[in-house]
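The data block below is final.csv; it holds CSV, C-alpha atoms.
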chain,number,residue,atom,x,y,z
A,39,MET,CA,105.3,90.4,78.0
A,40,LEU,CA,106.0,90.1,81.7
A,41,GLN,CA,108.0,86.9,81.2
A,42,ASP,CA,110.4,88.9,79.0
A,43,LEU,CA,111.2,91.4,81.8
A,44,GLN,CA,114.1,90.6,84.1
A,45,PHE,CA,113.7,92.3,87.5
A,46,LYS,CA,116.7,93.0,89.6
A,47,LYS,CA,117.7,94.5,93.0
A,48,PHE,CA,119.0,98.0,93.3
A,49,GLY,CA,122.5,96.5,94.0
A,50,GLY,CA,122.4,94.7,90.6
A,51,ASP,CA,121.5,91.1,91.5
A,52,PHE,CA,119.0,89.6,89.1
A,53,ILE,CA,115.8,88.0,90.4
A,54,SER,CA,115.0,84.7,88.8
A,55,ASP,CA,111.4,84.4,90.0
A,56,LEU,CA,109.6,87.7,90.8
A,57,GLY,CA,106.6,86.1,92.6
A,58,GLN,CA,108.8,83.9,94.8
A,59,TYR,CA,111.1,86.7,95.7
A,60,ILE,CA,108.2,88.9,97.0
A,61,ARG,CA,106.6,85.9,98.8
A,62,ASP,CA,109.9,85.3,100.5
A,63,TYR,CA,110.1,88.9,101.5
A,64,LEU,CA,106.6,88.9,102.8
A,65,GLU,CA,107.4,85.8,104.9
A,66,LYS,CA,110.2,87.8,106.6
A,67,PHE,CA,108.2,91.0,106.8
A,68,PRO,CA,104.5,90.2,106.9
A,69,ASP,CA,103.4,93.8,107.5
A,70,THR,CA,104.6,94.9,104.1
A,71,SER,CA,102.5,96.7,101.5
A,72,ILE,CA,103.3,96.3,97.8
A,73,TYR,CA,103.3,99.2,95.3
A,74,VAL,CA,103.9,99.1,91.6
A,75,GLY,CA,104.9,102.1,89.6
A,76,CYS,CA,106.4,103.1,86.2
A,77,ASP,CA,108.1,106.1,84.7
A,78,SER,CA,109.3,106.8,81.2
A,79,ASP,CA,111.8,109.1,79.5
A,80,ASN,CA,112.2,109.8,75.8
A,81,ARG,CA,115.7,109.5,74.7
A,82,ARG,CA,117.2,110.3,71.3
A,83,ASN,CA,115.9,107.3,69.4
A,84,HIS,CA,113.8,105.4,72.0
A,85,THR,CA,111.6,105.6,75.0
A,86,MET,CA,112.9,104.0,78.2
A,87,TYR,CA,110.3,102.7,80.7
A,88,ALA,CA,111.3,101.8,84.3
A,89,ILE,CA,108.9,99.6,86.2
A,90,THR,CA,109.4,99.2,90.0
A,91,VAL,CA,107.9,97.0,92.7
A,92,CYS,CA,108.2,98.7,96.1
A,93,MET,CA,107.8,97.0,99.4
A,94,TYR,CA,107.2,99.1,102.5
A,95,ASP,CA,106.8,97.5,105.9
A,96,THR,CA,104.1,99.5,107.6
A,97,LYS,CA,105.1,98.3,111.0
A,98,ARG,CA,108.8,98.8,110.9
A,99,LYS,CA,108.7,102.0,108.8
A,100,ASP,CA,112.4,101.8,108.0
A,101,GLY,CA,112.4,102.6,104.3
A,102,VAL,CA,111.4,101.0,101.1
A,103,HIS,CA,112.9,98.0,99.4
A,104,TYR,CA,112.4,98.1,95.7
A,105,ILE,CA,113.2,96.0,92.7
A,106,PHE,CA,113.0,97.1,89.1
A,107,THR,CA,113.2,96.4,85.4
A,108,ARG,CA,113.7,98.6,82.4
A,109,GLU,CA,112.2,98.3,78.9
A,110,GLN,CA,113.2,100.1,75.8
A,111,THR,CA,110.7,100.7,73.0
A,112,PRO,CA,110.6,102.8,69.8
A,113,LYS,CA,110.3,106.5,70.7
A,114,GLU,CA,106.8,107.5,71.7
A,115,ARG,CA,106.2,111.1,70.6
A,116,SER,CA,102.7,111.5,72.1
A,117,ILE,CA,102.8,112.3,75.9
A,118,PHE,CA,99.3,110.9,76.2
A,119,ASN,CA,100.3,107.5,74.7
A,120,ARG,CA,103.5,107.5,76.8
A,121,MET,CA,101.6,108.0,80.0
A,122,LEU,CA,99.2,105.2,79.1
A,123,GLY,CA,102.2,103.0,78.3
A,124,GLU,CA,103.3,103.6,81.9
A,125,VAL,CA,99.8,102.6,83.1
A,126,GLN,CA,99.7,99.5,80.9
A,127,ARG,CA,103.1,98.3,82.2
A,128,SER,CA,102.1,98.9,85.9
A,129,ILE,CA,98.8,97.1,85.4
A,130,ASN,CA,100.6,94.1,83.7
A,131,VAL,CA,102.9,93.7,86.7
A,132,ALA,CA,100.2,94.3,89.2
A,133,GLU,CA,97.9,91.7,87.6
A,134,TYR,CA,100.8,89.2,87.7
A,135,LEU,CA,101.4,89.9,91.4
A,136,GLU,CA,97.6,89.6,92.0
A,137,LYS,CA,97.9,85.9,91.1
A,138,GLU,CA,101.3,85.3,92.7
A,139,LEU,CA,100.5,86.9,96.1
A,140,GLU,CA,97.1,85.5,96.7
A,141,GLY,CA,97.0,84.3,100.3
A,142,HIS,CA,100.2,86.1,101.2
A,143,ILE,CA,98.8,89.6,101.6
A,144,LYS,CA,95.6,90.5,103.4
A,145,ARG,CA,92.8,91.4,100.9
A,146,PHE,CA,90.6,94.2,102.2
A,147,THR,CA,86.9,93.6,102.3
A,148,ALA,CA,84.5,96.0,100.5
A,149,GLU,CA,83.4,97.3,103.9
A,150,GLU,CA,87.0,98.0,105.0
A,151,LEU,CA,87.8,99.7,101.7
A,152,MET,CA,84.8,102.0,101.9
A,153,LYS,CA,86.1,103.2,105.3
A,154,MET,CA,89.6,103.9,103.9
A,155,ARG,CA,90.6,107.2,102.4
A,156,ASP,CA,93.4,108.0,100.0
A,157,GLU,CA,95.9,110.9,100.4
A,158,ASN,CA,93.3,113.4,99.0
A,159,ASN,CA,90.7,112.2,101.6
A,160,ASN,CA,88.7,110.4,98.9
A,161,LEU,CA,87.0,107.2,99.9
A,162,TYR,CA,88.0,104.0,98.1
A,163,LYS,CA,85.4,102.1,96.2
A,164,GLY,CA,84.3,98.6,97.4
A,165,HIS,CA,85.6,97.0,94.2
A,166,GLN,CA,89.2,98.3,94.6
A,167,ASP,CA,90.2,95.1,96.4
A,168,LYS,CA,93.4,94.1,94.5
A,169,LEU,CA,96.4,93.1,96.6
A,170,VAL,CA,98.8,95.8,95.4
A,171,VAL,CA,98.5,99.6,94.9
A,172,ILE,CA,99.5,101.2,91.6
A,173,ASP,CA,101.4,104.5,91.7
A,174,ILE,CA,101.0,106.6,88.6
A,175,ASP,CA,103.4,109.4,87.7
A,176,ILE,CA,100.8,111.7,86.4
A,177,ASN,CA,99.9,115.1,87.9
A,178,PRO,CA,96.1,115.4,88.7
A,179,PHE,CA,96.4,119.2,88.2
A,180,SER,CA,97.0,120.9,84.9
A,181,GLY,CA,99.1,123.6,86.4
A,182,ASN,CA,98.0,126.1,83.8
A,183,GLY,CA,99.4,123.8,81.1
A,184,HIS,CA,102.7,123.2,82.7
A,185,ASN,CA,101.9,119.6,83.7
A,186,LYS,CA,101.8,117.9,80.3
A,187,SER,CA,101.1,114.5,81.8
A,188,ASN,CA,97.8,115.8,83.1
A,189,GLN,CA,96.1,115.3,79.7
A,190,ALA,CA,96.2,111.5,80.5
A,191,PHE,CA,95.0,111.8,84.1
A,192,GLU,CA,91.3,110.9,83.6
A,193,ALA,CA,92.0,108.0,81.3
A,194,ALA,CA,94.7,106.6,83.5
A,195,ARG,CA,92.6,106.9,86.7
A,196,GLY,CA,89.6,105.3,85.1
A,197,TRP,CA,91.7,102.4,83.7
A,198,VAL,CA,93.4,101.7,87.1
A,199,VAL,CA,90.4,102.1,89.3
A,200,GLY,CA,88.2,100.2,86.8
A,201,SER,CA,90.7,97.3,86.9
A,202,GLY,CA,90.1,97.1,90.7
A,203,PHE,CA,93.3,98.6,91.9
A,204,ARG,CA,93.8,101.4,94.5
A,205,CYS,CA,96.0,104.0,92.9
A,206,ARG,CA,97.9,107.1,93.9
A,207,PHE,CA,99.0,110.0,91.8
A,208,LYS,CA,101.6,112.8,92.2
A,209,PRO,CA,102.8,113.8,94.7
A,210,TYR,CA,101.9,110.6,96.6
A,211,SER,CA,103.1,108.0,94.1
A,212,MET,CA,106.5,107.2,95.4
A,213,ALA,CA,106.8,103.9,93.4
A,214,ALA,CA,106.5,105.9,90.2
A,215,ASN,CA,107.7,109.5,90.8
A,216,SER,CA,110.6,108.6,93.1
A,217,ALA,CA,111.8,105.0,92.6
A,218,ALA,CA,111.0,104.5,88.9
A,219,ASP,CA,112.1,108.1,88.1
A,220,LEU,CA,115.5,107.4,89.6
A,221,ILE,CA,115.9,104.2,87.6
A,222,CYS,CA,114.6,105.7,84.4
A,223,LYS,CA,116.3,109.1,84.3
A,224,ARG,CA,119.4,108.7,86.2
A,225,TRP,CA,120.8,105.4,84.9

Would you mind writing the file out in structure tokens?
Amino acid sequence: MLQDLQFKKFGGDFISDLGQYIRDYLEKFPDTSIYVGCDSDNRRNHTMYAITVCMYDTKRKDGVHYIFTREQTPKERSIFNRMLGEVQRSINVAEYLEKELEGHIKRFTAEELMKMRDENNNLYKGHQDKLVVIDIDINPFSGNGHNKSNQAFEAARGWVVGSGFRCRFKPYSMAANSAADLICKRW
């Protein structure tokens, strides 16, 4: 599936080799963290998924460089299935990058991870040692039924964390709820 996706820069230039592009970026900016996110939008006859790979230099802190791809599928009527479709696409890209970026990004040890905390002050687990972070566009709070994506929260979190990735959810998931949202809903 990933080989069928054509990533491109925000300016419109296509990227012929996703792994090589990110490795070259990391060579120029070695203090970069990689985030993968996905958002979706139901249109009249189809569902549009936008998948982003965001690169943030934690030393320079001068903004995020992101690349993206879009995928159109038959319309998904279930919000639960659509949210899990976002998670599946994010995991597919993240697993690809796991292989492509080995040796180019520092892998945290179990001891380092167990000392780190996420945005909600939760400790990471020792097995969440994958090289990229997955951002999920799902609200962890039901909001008295207003946040429909919340129904997939537990399944999504379990899938991502169980796969060994660190993950972030709304409002901290910039790769999904900012970058992918822009690509998906405004283009």

Quick one: residues within 6 Å of region 173-178 of chain A, all atoms listed in the file counted, chain neighbours fewer than 3 positions away excluded, as an mmCIF file with C-alpha atoms, in the coordinates of the input?
data_model
loop_
_atom_site.group_PDB
_atom_site.id
_atom_site.type_symbol
_atom_site.label_atom_id
_atom_site.label_comp_id
_atom_site.auth_asym_id
_atom_site.auth_seq_id
_atom_site.Cartn_x
_atom_site.Cartn_y
_atom_site.Cartn_z
ATOM 1 C CA VAL A 74 103.900 99.100 91.600
ATOM 2 C CA GLY A 75 104.900 102.100 89.600
ATOM 3 C CA SER A 187 101.100 114.500 81.800
ATOM 4 C CA ASN A 188 97.800 115.800 83.100
ATOM 5 C CA PHE A 191 95.000 111.800 84.100
ATOM 6 C CA CYS A 205 96.000 104.000 92.900
ATOM 7 C CA ARG A 206 97.900 107.100 93.900
ATOM 8 C CA PHE A 207 99.000 110.000 91.800
ATOM 9 C CA LYS A 208 101.600 112.800 92.200
ATOM 10 C CA SER A 211 103.100 108.000 94.100
ATOM 11 C CA ALA A 213 106.800 103.900 93.400
ATOM 12 C CA ALA A 214 106.500 105.900 90.200
ATOM 13 C CA ASN A 215 107.700 109.500 90.800
#

Residue nearest Ile105 (chain A) - candidates A:Ile143, A:Cys222, A:Ala217, A:Val170, atoms counted: only C-alpha atoms: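 Closest to Ile105 (chain A), using only C-alpha atoms: A:Ala217.
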
Residues within 12 Å of (106.1, 107.5, 71.1), file coords, all atoms listed in the file, listed as a list of chain:residue names: A:Ser78, A:Asp79, A:Asn80, A:Arg81, A:Arg82, A:Asn83, A:His84, A:Thr85, A:Met86, A:Tyr87, A:Gln110, A:Thr111, A:Pro112, A:Lys113, A:Glu114, A:Arg115, A:Ser116, A:Ile117, A:Phe118, A:Asn119, A:Arg120, A:Met121, A:Leu122, A:Gly123, A:Glu124

Hey, can you pull every residue with an atom no more than 10 Å from (87.0, 95.0, 93.1), using all atoms listed in the file, and send it as an mmCIF file with C-alpha atoms, in the frame of the given file?
data_model
loop_
_atom_site.group_PDB
_atom_site.id
_atom_site.type_symbol
_atom_site.label_atom_id
_atom_site.label_comp_id
_atom_site.auth_asym_id
_atom_site.auth_seq_id
_atom_site.Cartn_x
_atom_site.Cartn_y
_atom_site.Cartn_z
ATOM 1 C CA PHE A 146 90.600 94.200 102.200
ATOM 2 C CA THR A 147 86.900 93.600 102.300
ATOM 3 C CA ALA A 148 84.500 96.000 100.500
ATOM 4 C CA LEU A 151 87.800 99.700 101.700
ATOM 5 C CA LYS A 163 85.400 102.100 96.200
ATOM 6 C CA GLY A 164 84.300 98.600 97.400
ATOM 7 C CA HIS A 165 85.600 97.000 94.200
ATOM 8 C CA GLN A 166 89.200 98.300 94.600
ATOM 9 C CA ASP A 167 90.200 95.100 96.400
ATOM 10 C CA LYS A 168 93.400 94.100 94.500
ATOM 11 C CA VAL A 199 90.400 102.100 89.300
ATOM 12 C CA GLY A 200 88.200 100.200 86.800
ATOM 13 C CA SER A 201 90.700 97.300 86.900
ATOM 14 C CA GLY A 202 90.100 97.100 90.700
ATOM 15 C CA PHE A 203 93.300 98.600 91.900
ATOM 16 C CA ARG A 204 93.800 101.400 94.500
#

Selected residue of minimal separation from Glu149 (chain A) among A:Glu109, A:Leu161, A:Cys92, A:Asp100, counting only C-alpha atoms: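 Smallest distance to Glu149 (chain A) is found for A:Leu161.
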
Close residues, Tyr63 (chain A) itself excluded, 12 Å, all atoms listed in the file, min 4 positions apart in chain, as a PyMOL selection string: chain A and resi 56-59+67-72+92-95+103-105+139+142-143

Pairwise distance for CA of Arg195 (chain A) and CA of Cys76 (chain A), rounded to one decimal in Å: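 Between these atoms lies a distance of 14.3 Å.
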
Nearest to Thr90 (chain A) by atom-to-atom distance, counting all atoms listed in the file, from A:Val198, A:Met154, A:Asp77, A:Lys186: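 Closest to Thr90 (chain A) of all the choices is A:Asp77.
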
Coordinates-based distance that separates CA of Ala88 (chain A) from CA of Thr107 (chain A) (Å, one decimal):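 Pair CA of Thr107 (chain A) / CA of Ala88 (chain A) returns 5.8 Å.
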
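Counting from CA of Val131 (chain A), the distance to CA of Phe52 (chain A) is 16.8 Å.
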
Option closest in space to Met212 (chain A), from A:Gly50, A:Ala132, A:Tyr73, A:Leu64 [counting all atoms listed in the file]: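 Using all atoms listed in the file, the shortest distance to Met212 (chain A) belongs to A:Tyr73.
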